[in-house]
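Next comes structure-v7.tsv, with TSV, C-alpha atoms.
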chain	number	residue	atom	x	y	z
A	1	MET	CA	-17.65	-0.56	22.59
A	2	ALA	CA	-15.01	-1.55	20.01
A	3	TYR	CA	-11.38	-1.38	21.08
A	4	ASP	CA	-9.70	1.74	19.70
A	5	ALA	CA	-6.04	0.98	18.90
A	6	GLU	CA	-5.41	4.56	17.78
A	7	ALA	CA	-6.60	5.96	21.10
A	8	ALA	CA	-4.59	3.36	23.01
A	9	VAL	CA	-1.38	4.40	21.23
A	10	ALA	CA	-2.16	8.09	21.70
A	11	ALA	CA	-2.44	7.43	25.45
A	12	ILE	CA	1.14	6.09	25.76
A	13	PRO	CA	3.03	8.54	28.00
A	14	GLN	CA	5.40	10.73	25.99
A	15	VAL	CA	8.27	9.94	28.34
A	16	TYR	CA	8.47	6.39	26.99
A	17	TRP	CA	8.48	7.53	23.35
A	18	ASP	CA	11.33	9.88	24.24
A	19	LYS	CA	13.29	7.13	25.98
A	20	GLY	CA	12.73	4.76	23.07
A	21	LEU	CA	14.01	7.39	20.65
A	22	LYS	CA	17.10	7.89	22.83
A	23	TYR	CA	17.94	4.19	22.59
A	24	PHE	CA	17.25	4.15	18.85
A	25	ASN	CA	19.51	7.16	18.25
A	26	ALA	CA	22.23	5.57	20.38
A	27	GLY	CA	22.30	2.65	17.92
A	28	ASP	CA	20.98	0.10	20.42
A	29	PRO	CA	19.46	-3.01	18.83
A	30	ALA	CA	15.75	-3.56	19.30
A	31	THR	CA	16.22	-6.19	22.01
A	32	THR	CA	18.35	-3.80	24.08
A	33	ALA	CA	15.75	-1.05	23.65
A	34	ILE	CA	13.07	-3.50	24.86
A	35	GLN	CA	15.12	-4.33	27.96
A	36	ASN	CA	15.87	-0.68	28.72
A	37	LEU	CA	12.27	0.44	28.26
A	38	TYR	CA	11.09	-2.42	30.48
A	39	MET	CA	13.47	-1.27	33.23
A	40	ASP	CA	12.33	2.36	32.74
A	41	TRP	CA	8.62	1.59	32.98
A	42	ARG	CA	6.84	2.61	36.15
A	43	PRO	CA	4.01	0.31	37.29
A	44	PRO	CA	1.63	-0.67	35.94
A	45	PHE	CA	3.66	-2.09	33.04
A	46	ASP	CA	2.02	-2.06	29.57
A	47	LEU	CA	3.48	-4.67	27.21
A	48	GLY	CA	1.35	-3.52	24.29
A	49	ALA	CA	2.57	0.05	24.65
A	50	LEU	CA	6.20	-1.07	24.78
A	51	ALA	CA	5.67	-3.22	21.67
A	52	ALA	CA	4.06	-0.29	19.83
A	53	ILE	CA	7.02	2.01	20.60
A	54	VAL	CA	9.66	-0.52	19.57
A	55	GLY	CA	7.69	-1.62	16.50
A	56	ALA	CA	7.39	1.99	15.29
A	57	LEU	CA	10.96	3.13	15.98
A	58	TYR	CA	12.56	-0.09	14.74
A	59	ALA	CA	10.25	-0.54	11.77
A	60	ASP	CA	13.16	-1.39	9.45
A	61	THR	CA	14.13	-4.20	11.80
A	62	TYR	CA	10.71	-5.81	11.60
A	63	TRP	CA	9.70	-5.09	8.00
A	64	ALA	CA	9.88	-8.38	6.10
A	65	ALA	CA	12.11	-9.71	8.89
A	66	THR	CA	10.70	-13.23	8.48
A	67	PRO	CA	10.72	-14.20	4.76
A	68	ASN	CA	7.68	-16.44	5.10
A	69	ASP	CA	5.63	-13.47	6.33
A	70	GLY	CA	5.91	-11.64	3.01
A	71	GLN	CA	6.30	-7.87	2.72
A	72	GLN	CA	4.89	-6.61	6.02
A	73	MET	CA	5.81	-5.89	9.62
A	74	SER	CA	6.64	-9.26	11.17
A	75	VAL	CA	4.55	-10.11	14.23
A	76	THR	CA	6.68	-13.24	14.60
A	77	ALA	CA	9.98	-11.33	14.76
A	78	LEU	CA	8.75	-8.73	17.27
A	79	ALA	CA	7.12	-11.39	19.46
A	80	ASN	CA	10.36	-13.40	19.47
A	81	ASP	CA	12.34	-10.30	20.49
A	82	LEU	CA	9.92	-9.53	23.32
A	83	SER	CA	10.24	-13.09	24.61
A	84	ALA	CA	14.02	-13.19	24.29
A	85	ALA	CA	14.63	-9.75	25.82
A	86	ILE	CA	12.37	-9.79	28.88
A	87	GLY	CA	11.05	-13.35	29.15
A	88	VAL	CA	7.46	-12.66	28.12
A	89	ASN	CA	5.55	-15.86	27.37
A	90	GLN	CA	4.92	-16.41	23.67
A	91	PRO	CA	1.12	-15.98	23.63
A	92	ASP	CA	1.36	-12.62	25.40
A	93	ALA	CA	4.25	-11.57	23.16
A	94	ILE	CA	2.24	-12.42	20.03
A	95	ARG	CA	-0.79	-10.45	21.24
A	96	ALA	CA	1.42	-7.43	22.00
A	97	ALA	CA	3.10	-7.63	18.58
A	98	GLN	CA	-0.27	-7.96	16.84
A	99	PHE	CA	-1.44	-4.82	18.65
A	100	ALA	CA	1.76	-2.99	17.68
A	101	PHE	CA	1.22	-3.69	13.99
A	102	SER	CA	-2.57	-3.33	13.87
A	103	ARG	CA	-2.21	0.27	12.69
A	104	TRP	CA	0.44	2.10	10.72
A	105	TYR	CA	2.89	4.30	12.60
A	106	GLY	CA	5.11	6.87	10.93
A	107	LEU	CA	4.55	8.25	7.43
A	108	PHE	CA	1.16	7.16	6.15
A	109	VAL	CA	0.07	7.25	2.48
A	110	ARG	CA	-3.61	6.60	1.83
A	111	ALA	CA	-4.76	3.80	-0.48
A	112	ASN	CA	-8.06	5.66	-0.90
A	113	VAL	CA	-9.73	8.72	0.62
A	114	ALA	CA	-11.34	6.65	3.41
A	115	ASN	CA	-8.10	5.20	4.80
A	116	THR	CA	-7.17	6.31	8.33
A	117	GLY	CA	-4.21	4.05	9.14
A	118	GLU	CA	-5.77	0.63	9.60
A	119	ILE	CA	-3.66	-2.37	8.58
A	120	PRO	CA	-4.35	-4.21	6.39
A	121	LYS	CA	-5.68	-1.34	4.30
A	122	GLN	CA	-9.39	-1.50	3.60
A	123	GLY	CA	-11.35	-0.70	0.46
A	124	THR	CA	-9.90	0.01	-2.97
A	125	LEU	CA	-6.13	-0.38	-2.76
A	126	THR	CA	-5.06	1.60	-5.83
A	127	ALA	CA	-6.97	4.88	-5.68
A	128	SER	CA	-4.48	6.83	-3.58
A	129	PRO	CA	-5.22	10.57	-3.44
A	130	ASP	CA	-1.60	11.05	-2.35
A	131	VAL	CA	-0.16	10.16	-5.77
A	132	ILE	CA	-0.54	13.32	-7.82
A	133	VAL	CA	0.16	14.19	-11.47
A	134	ASN	CA	-0.50	17.81	-12.39
A	135	GLY	CA	0.32	17.70	-16.09
A	136	SER	CA	2.57	20.45	-17.38
A	137	THR	CA	1.70	22.85	-14.55
A	138	PRO	CA	3.76	22.98	-11.34
A	139	THR	CA	2.12	23.41	-7.95
A	140	SER	CA	3.30	23.99	-4.39
A	141	PRO	CA	3.44	21.91	-1.19
A	142	ARG	CA	1.17	24.49	0.49
A	143	LEU	CA	-1.57	23.98	-2.11
A	144	LEU	CA	-1.20	20.20	-2.02
A	145	ILE	CA	-1.60	20.18	1.76
A	146	THR	CA	-4.40	22.76	1.81
A	147	ASN	CA	-6.35	20.66	-0.70
A	148	TRP	CA	-5.72	17.46	1.26
A	149	SER	CA	-8.82	15.62	0.05
A	150	GLN	CA	-8.42	16.63	-3.58
A	151	SER	CA	-7.07	13.90	-5.86
A	152	VAL	CA	-5.27	15.45	-8.83
A	153	TRP	CA	-4.65	13.34	-11.92
A	154	GLY	CA	-4.05	15.20	-15.16
A	155	PRO	CA	-1.24	13.61	-17.16
A	156	ALA	CA	-0.25	15.44	-20.32
A	157	PRO	CA	0.68	12.95	-23.08
A	158	GLY	CA	3.93	13.66	-24.84
A	159	LEU	CA	5.06	16.20	-22.22
A	160	LYS	CA	7.11	16.10	-19.07
A	161	ASN	CA	4.60	15.94	-16.22
A	162	TYR	CA	4.90	17.43	-12.76
A	163	ALA	CA	4.25	14.71	-10.16
A	164	TYR	CA	4.02	14.90	-6.35
A	165	GLY	CA	3.45	12.75	-3.29
A	166	ARG	CA	1.82	13.35	0.07
A	167	ALA	CA	2.06	11.66	3.47
A	168	GLN	CA	1.00	12.25	7.07
A	169	SER	CA	3.06	11.58	10.19
A	170	LEU	CA	0.52	9.30	11.78
A	171	ASN	CA	0.23	7.86	15.28
A	172	ILE	CA	3.92	7.99	16.18
A	173	GLY	CA	5.03	9.76	19.33
A	174	VAL	CA	8.24	11.29	17.99
A	175	THR	CA	9.10	13.82	15.30
A	176	ILE	CA	10.23	12.48	11.92
A	177	THR	CA	13.30	14.41	10.78
A	178	LYS	CA	14.21	12.68	7.51
A	179	PRO	CA	10.96	12.26	5.54
A	180	ILE	CA	11.37	11.48	1.85
A	181	VAL	CA	9.38	10.08	-1.09
A	182	ARG	CA	10.31	7.98	-4.13
A	183	MET	CA	8.06	7.74	-7.19
A	184	TYR	CA	7.71	5.14	-9.92
A	185	TYR	CA	5.49	4.40	-12.90
A	186	THR	CA	4.76	1.22	-14.80
A	187	ASP	CA	2.37	-0.11	-17.44
A	188	ALA	CA	-1.30	-0.28	-16.54
A	189	GLY	CA	-2.13	-3.54	-14.86
A	190	PHE	CA	-2.51	-5.55	-11.68
A	191	LEU	CA	0.37	-5.38	-9.19
A	192	PRO	CA	3.25	-5.48	-11.65
A	193	PRO	CA	6.40	-6.55	-9.75
A	194	PRO	CA	9.00	-3.92	-8.76
A	195	SER	CA	11.33	-5.24	-11.46
A	196	SER	CA	8.94	-3.65	-14.02
A	197	TRP	CA	8.77	-0.24	-12.32
A	198	ILE	CA	10.52	2.80	-13.79
A	199	GLN	CA	11.94	5.11	-11.14
A	200	CYS	CA	11.17	8.80	-11.52
A	201	PHE	CA	13.68	11.54	-10.80
A	202	THR	CA	13.00	15.06	-9.61
A	203	TYR	CA	11.98	17.48	-12.35
A	204	ASP	CA	15.55	18.75	-12.73
A	205	ASP	CA	16.74	15.11	-13.13
A	206	GLN	CA	19.05	15.50	-10.12
A	207	PHE	CA	17.60	13.32	-7.35
A	208	GLU	CA	15.87	9.97	-6.81
A	209	THR	CA	13.98	11.30	-3.79
A	210	SER	CA	12.26	14.47	-2.66
A	211	PRO	CA	12.04	15.66	0.95
A	212	LEU	CA	8.58	15.97	2.46
A	213	VAL	CA	7.74	19.34	4.02
A	214	ASP	CA	4.84	20.68	6.07
A	215	ILE	CA	2.54	23.52	5.02
A	216	ASN	CA	5.16	26.09	6.11
A	217	GLY	CA	8.03	24.35	4.32
A	218	ALA	CA	9.57	22.77	7.43
A	219	LEU	CA	11.53	19.54	6.90
A	220	THR	CA	10.62	18.04	10.29
A	221	LEU	CA	7.23	16.44	10.87
A	222	PRO	CA	5.83	16.23	14.42
A	223	PRO	CA	3.09	13.67	15.08
A	224	GLY	CA	-0.06	14.35	13.06
A	225	THR	CA	1.62	16.65	10.52
A	226	ARG	CA	0.49	16.55	6.90
A	227	SER	CA	3.20	16.92	4.28
A	228	ALA	CA	3.89	17.02	0.55
A	229	THR	CA	6.98	16.69	-1.61
A	230	GLN	CA	9.17	19.77	-1.59
A	231	LEU	CA	10.44	18.99	-5.10
A	232	ALA	CA	8.35	17.98	-8.09
A	233	PHE	CA	9.14	14.76	-9.89
A	234	GLY	CA	9.30	14.75	-13.67
A	235	VAL	CA	7.42	11.96	-15.41
A	236	ASN	CA	7.77	11.30	-19.13
A	237	PHE	CA	5.17	8.68	-19.95
A	238	PRO	CA	6.41	6.76	-23.00
A	239	GLY	CA	3.09	6.89	-24.83
A	240	ALA	CA	-0.52	8.01	-24.71
A	241	GLY	CA	-1.72	4.82	-23.01
A	242	HIS	CA	-2.62	4.13	-19.38
A	243	TYR	CA	-0.07	3.83	-16.56
A	244	CYS	CA	0.18	2.99	-12.88
A	245	MET	CA	2.02	5.32	-10.52
A	246	ILE	CA	3.47	4.33	-7.15
A	247	THR	CA	4.92	6.31	-4.26
A	248	ALA	CA	7.02	4.99	-1.39
A	249	ALA	CA	7.52	7.30	1.61
A	250	GLY	CA	10.51	6.70	3.87
A	251	SER	CA	12.09	8.05	7.05
A	252	GLU	CA	14.90	7.42	9.51
A	253	PHE	CA	12.70	4.68	10.98
A	254	PHE	CA	11.54	2.98	7.77
A	255	ALA	CA	13.46	3.13	4.48
A	256	ASN	CA	10.63	1.51	2.46
A	257	LYS	CA	12.69	0.55	-0.56
A	258	PRO	CA	10.59	-1.82	-2.69
A	259	ASP	CA	11.82	-5.39	-2.62
A	260	GLY	CA	12.78	-6.63	-6.08
A	261	GLY	CA	12.08	-10.23	-5.09
A	262	GLY	CA	9.24	-12.06	-6.77
A	263	GLY	CA	6.27	-14.02	-5.56
A	264	ASN	CA	2.53	-13.42	-5.50
A	265	TRP	CA	2.57	-13.40	-1.70
A	266	ASN	CA	5.16	-10.62	-1.49
A	267	SER	CA	3.20	-8.46	-3.91
A	268	SER	CA	-0.16	-8.97	-2.19
A	269	THR	CA	1.21	-8.26	1.30
A	270	TRP	CA	3.19	-5.21	0.13
A	271	LEU	CA	0.03	-3.66	-1.30
A	272	GLN	CA	-2.14	-4.30	1.76
A	273	ARG	CA	0.32	-4.05	4.66
A	274	ASN	CA	2.58	-1.17	3.61
A	275	GLY	CA	1.06	1.97	5.06
A	276	ALA	CA	3.78	4.18	3.56
A	277	ALA	CA	3.05	3.20	-0.04
A	278	GLY	CA	0.48	4.64	-2.42
A	279	TRP	CA	-0.76	3.36	-5.77
A	280	HIS	CA	-2.81	5.23	-8.37
A	281	ASN	CA	-4.66	3.18	-10.99
A	282	VAL	CA	-7.50	5.53	-11.95
A	283	ASP	CA	-7.72	7.03	-15.43
A	284	VAL	CA	-10.16	8.55	-17.90
A	285	SER	CA	-11.14	6.28	-20.79
A	286	LEU	CA	-12.01	7.79	-24.14
A	287	THR	CA	-11.98	4.54	-26.13
A	288	GLY	CA	-13.79	1.96	-23.98
A	289	GLU	CA	-10.97	-0.56	-24.27
A	290	ALA	CA	-7.56	-1.21	-22.74
A	291	VAL	CA	-4.85	-3.79	-22.14
A	292	LEU	CA	-3.94	-4.52	-18.51
A	293	LYS	CA	-0.78	-6.44	-17.67
A	294	PHE	CA	-0.87	-9.18	-15.07
A	295	TYR	CA	1.64	-11.62	-13.62
A	296	ASN	CA	1.84	-14.99	-11.95
A	297	GLN	CA	5.07	-14.47	-10.05
A	298	ASP	CA	5.21	-17.96	-8.54
A	299	ASP	CA	7.01	-21.08	-9.74
A	300	THR	CA	3.71	-22.98	-9.78
A	301	ALA	CA	0.56	-22.62	-11.86
A	302	GLU	CA	-1.93	-20.44	-9.98
A	303	ARG	CA	-5.61	-19.60	-10.36
A	304	PHE	CA	-6.85	-16.04	-10.78
A	305	VAL	CA	-10.24	-14.41	-11.24
A	306	PHE	CA	-10.75	-11.14	-13.08
A	307	GLU	CA	-13.84	-9.07	-12.38
A	308	ALA	CA	-15.27	-6.00	-14.08
A	309	HIS	CA	-17.39	-3.96	-11.66
A	310	CYS	CA	-19.56	-1.74	-13.84
A	311	HIS	CA	-21.04	1.42	-12.35
A	312	ARG	CA	-23.73	3.20	-14.36
A	313	VAL	CA	-22.39	1.84	-17.64
A	314	GLU	CA	-24.83	2.35	-20.49
A	315	LYS	CA	-27.38	-0.44	-20.60
A	316	GLY	CA	-26.79	-2.72	-23.56
A	317	ALA	CA	-23.05	-2.04	-23.62
A	318	ARG	CA	-21.03	-5.24	-23.90
A	319	VAL	CA	-18.17	-5.99	-21.54
A	320	SER	CA	-15.57	-8.58	-22.45
A	321	LEU	CA	-12.41	-9.99	-20.89
A	322	SER	CA	-9.85	-12.04	-22.78
A	323	VAL	CA	-6.29	-13.37	-22.42
A	324	ALA	CA	-4.46	-14.75	-25.42
A	325	GLY	CA	-4.12	-18.52	-25.06
A	326	LEU	CA	-5.83	-18.62	-21.65
A	327	LEU	CA	-9.23	-16.94	-21.86
A	328	LYS	CA	-11.49	-16.58	-24.87
A	329	ALA	CA	-13.46	-13.34	-24.96
A	330	THR	CA	-17.08	-13.71	-23.91
A	331	ALA	CA	-19.15	-10.54	-24.21
A	332	THR	CA	-21.73	-9.81	-21.50
A	333	ALA	CA	-24.47	-7.24	-22.01
A	334	ILE	CA	-24.95	-4.70	-19.21
A	335	ALA	CA	-28.51	-4.66	-17.89
A	336	ASN	CA	-28.21	-2.99	-14.47
A	337	ASP	CA	-26.76	0.19	-12.99
A	338	TYR	CA	-24.30	-1.99	-11.05
A	339	GLN	CA	-23.17	-5.26	-12.55
A	340	VAL	CA	-20.17	-7.58	-12.19
A	341	VAL	CA	-18.68	-9.53	-15.09
A	342	SER	CA	-16.09	-12.17	-14.16
A	343	ALA	CA	-13.80	-14.76	-15.72
A	344	ALA	CA	-11.26	-17.23	-14.30
A	345	ILE	CA	-7.95	-18.52	-15.59
A	346	GLU	CA	-5.10	-20.75	-14.52
A	347	ALA	CA	-1.82	-18.99	-15.30
A	348	PRO	CA	1.35	-21.00	-15.96
A	349	PRO	CA	4.37	-20.57	-13.67
A	350	ARG	CA	6.22	-17.25	-13.99
A	351	HIS	CA	3.68	-16.01	-16.51
A	352	ALA	CA	3.44	-12.42	-17.74
A	353	GLY	CA	0.20	-11.85	-19.60
A	354	GLU	CA	-2.21	-9.21	-20.82
A	355	LEU	CA	-5.90	-8.94	-20.04
A	356	ALA	CA	-7.66	-7.28	-22.97
A	357	VAL	CA	-10.81	-5.50	-21.82
A	358	GLN	CA	-13.64	-3.88	-23.76
A	359	PHE	CA	-16.50	-2.01	-22.10
A	360	GLY	CA	-17.74	0.63	-24.54
A	361	LYS	CA	-17.30	4.37	-24.31
A	362	LEU	CA	-18.10	5.67	-20.84
A	363	ALA	CA	-20.41	8.58	-20.21
A	364	PRO	CA	-19.69	11.20	-17.53
A	365	GLY	CA	-20.41	9.69	-14.12
A	366	SER	CA	-19.87	6.09	-15.24
A	367	ALA	CA	-16.94	3.84	-14.36
A	368	VAL	CA	-15.59	0.30	-14.65
A	369	THR	CA	-13.14	-1.12	-12.12
A	370	PHE	CA	-11.25	-4.26	-13.08
A	371	TYR	CA	-10.09	-6.46	-10.19
A	372	LYS	CA	-7.69	-9.36	-10.07
A	373	TYR	CA	-7.96	-11.97	-7.30
A	374	TRP	CA	-5.57	-14.79	-6.51
A	375	ILE	CA	-7.59	-17.91	-5.65
A	376	VAL	CA	-5.82	-19.80	-2.83
A	377	PRO	CA	-7.47	-23.21	-2.25
A	378	ALA	CA	-7.29	-25.40	0.84
A	379	GLY	CA	-4.05	-27.37	0.78
A	380	HIS	CA	-2.15	-24.53	-0.86
A	381	PRO	CA	1.04	-23.65	1.08
A	382	ARG	CA	-0.30	-20.10	1.54
A	383	HIS	CA	-3.89	-20.99	2.43
A	384	HIS	CA	-3.66	-20.38	6.18
A	385	GLN	CA	-1.69	-17.14	5.71
A	386	ALA	CA	-4.09	-15.94	3.03
A	387	ALA	CA	-7.04	-16.55	5.36
A	388	GLU	CA	-5.28	-14.59	8.11
A	389	LEU	CA	-4.41	-11.75	5.72
A	390	MET	CA	-8.05	-11.45	4.66
A	391	GLY	CA	-9.44	-11.96	8.18
A	392	ASP	CA	-11.31	-15.02	6.88
A	393	PHE	CA	-10.46	-17.47	9.67
A	394	ASP	CA	-13.51	-19.62	8.94
A	395	ALA	CA	-11.83	-20.59	5.65
A	396	VAL	CA	-9.19	-22.47	7.63
A	397	VAL	CA	-11.84	-24.55	9.40
A	398	SER	CA	-14.17	-25.02	6.45
A	399	GLY	CA	-11.49	-25.53	3.81
A	400	ARG	CA	-12.99	-22.79	1.68
A	401	GLU	CA	-10.75	-21.12	-0.88
A	402	VAL	CA	-9.54	-17.59	-0.15
A	403	ARG	CA	-9.65	-14.67	-2.60
A	404	VAL	CA	-6.60	-12.44	-2.20
A	405	PRO	CA	-6.73	-9.02	-3.94
A	406	MET	CA	-3.93	-8.56	-6.47
A	407	GLY	CA	-4.68	-5.01	-7.57
A	408	ASP	CA	-7.35	-3.18	-9.51
A	409	TYR	CA	-7.65	-0.54	-12.22
A	410	THR	CA	-10.49	1.95	-12.65
A	411	PHE	CA	-11.60	3.67	-15.83
A	412	VAL	CA	-13.99	6.62	-15.57
A	413	GLY	CA	-15.92	8.57	-18.14
A	414	PRO	CA	-14.79	12.07	-19.14
A	415	GLU	CA	-16.13	15.01	-17.19
A	416	ALA	CA	-19.31	16.56	-18.57
Just give me the structure of the file as structure tokens.
Amino acid sequence: MAYDAEAAVAAIPQVYWDKGLKYFNAGDPATTAIQNLYMDWRPPFDLGALAAIVGALYADTYWAATPNDGQQMSVTALANDLSAAIGVNQPDAIRAAQFAFSRWYGLFVRANVANTGEIPKQGTLTASPDVIVNGSTPTSPRLLITNWSQSVWGPAPGLKNYAYGRAQSLNIGVTITKPIVRMYYTDAGFLPPPSSWIQCFTYDDQFETSPLVDINGALTLPPGTRSATQLAFGVNFPGAGHYCMITAAGSEFFANKPDGGGGNWNSSTWLQRNGAAGWHNVDVSLTGEAVLKFYNQDDTAERFVFEAHCHRVEKGARVSLSVAGLLKATATAIANDYQVVSAAIEAPPRHAGELAVQFGKLAPGSAVTFYKYWIVPAGHPRHHQAAELMGDFDAVVSGREVRVPMGDYTFVGPEA
């Protein structure tokens, strides 16, 4: 039987969550909380449970705590604190820290409808049902929570749109009392860096954040509670084109303010390892063509592959990918219900480019998803980390290159 991390965390006695919260609220540093919890623990002692409590309550301490780790909870930093505070040997400390960060604790925002809290996130990373645009019509937190599985996306061009976020208090043994959400939009593309994001304000233009409330309007979220933004955000898209929208949920345990620093590694880890962030890159296409922005955020030339995954696209339609100066358009005819068209480039250092895509007008029920992958070869400074991020440990032994997802964008046909 597979090990169930969620069940293991749920089995942690409540008394230890309560004690951990007491130390957190007293302003104790994480190492002091580790020592105090260790002294509180009645035999048999559970190092993994202690690590999970401290990792969840002191999430801000461990998020991106080690710069080389990227934008994620740092196993290295938590393991070092466990060793320093109570003398745990390093291998055991690392295993406990890995367990602590194997799932997301606190406010969870889904990357897609199948997500349940696993880290790294699995499946499509930019189809969050918790990033909601309801056009020119307001809605309520109660309706957003009642229709939890419904993904609403109806931007009204040229108008001020009502936008909302959702999150669930997931797998944490204490109540969250300060849940908030920030929202942003940016041009359609693949993981544009935070420096290109435009922050949204609430619909009355008064606030950068909205509180999250439960279905009854309460501002406190016990474990397991589903929530939605109390206040609508107002989004004025600058044109009739396509846009990405991003939410970042925060709490007293995890502020989750996007890091403005650059680097492909930071962007890729933020997307896959941040359970409190949602990204929506799904839109209706009426023209069968678009321009998607992409970036090489590193100081070195890097290789990328673009793929068009075509689902029930009309047979005979031609799909092309091109980048000015880097990739000449080559049209590929669609012959199957599911077909992948791909092209590779090497992008110069600190390059901001545009992928021009053409795929023909889509019928109802058809879709094209464009993916960008960062190709990390053996010998690259990030090769070992990339293999670990993707769970592809054989790549370290074999020297095989690793494909790291760098975002995707889906176009669907209009409804019938």
**Prompt:** Do you have the CA of Lys160 (chain A)-CA of Tyr184 (chain A) distance handy?
**Reply:** 14.3 Å
**Asked** CA of Ser268 (chain A) and CA of Ile345 (chain A), how far apart in Å?
**Response** 18.2 Å
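Note that the spacing between CA of Met406 (chain A) and CA of Trp374 (chain A) amounts to 6.4 Å.
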**Message:** Here's a test: counting all atoms listed in the file, identify every protein, DNA and RNA residue with an atom at most 9 Å from (14.5, 19.6, -13.3) in the file's coordinate frame, and state them as a VMD selection string.
**Reply:** chain A and resid 201 to 206 232 to 234
**Complete:** Nearest to Ala51 (chain A), restricted to only C-alpha atoms and choosing among A:Asp392, A:Asp81, A:Asp283, A:Glu346, comes out as A:Asp81
**Message:** Restricting the calculation to all atoms listed in the file: of A:Val109, A:Val368, A:Ala33, A:Val357, which residue gets closest to Ala167 (chain A)?
**Reply:** A:Val109
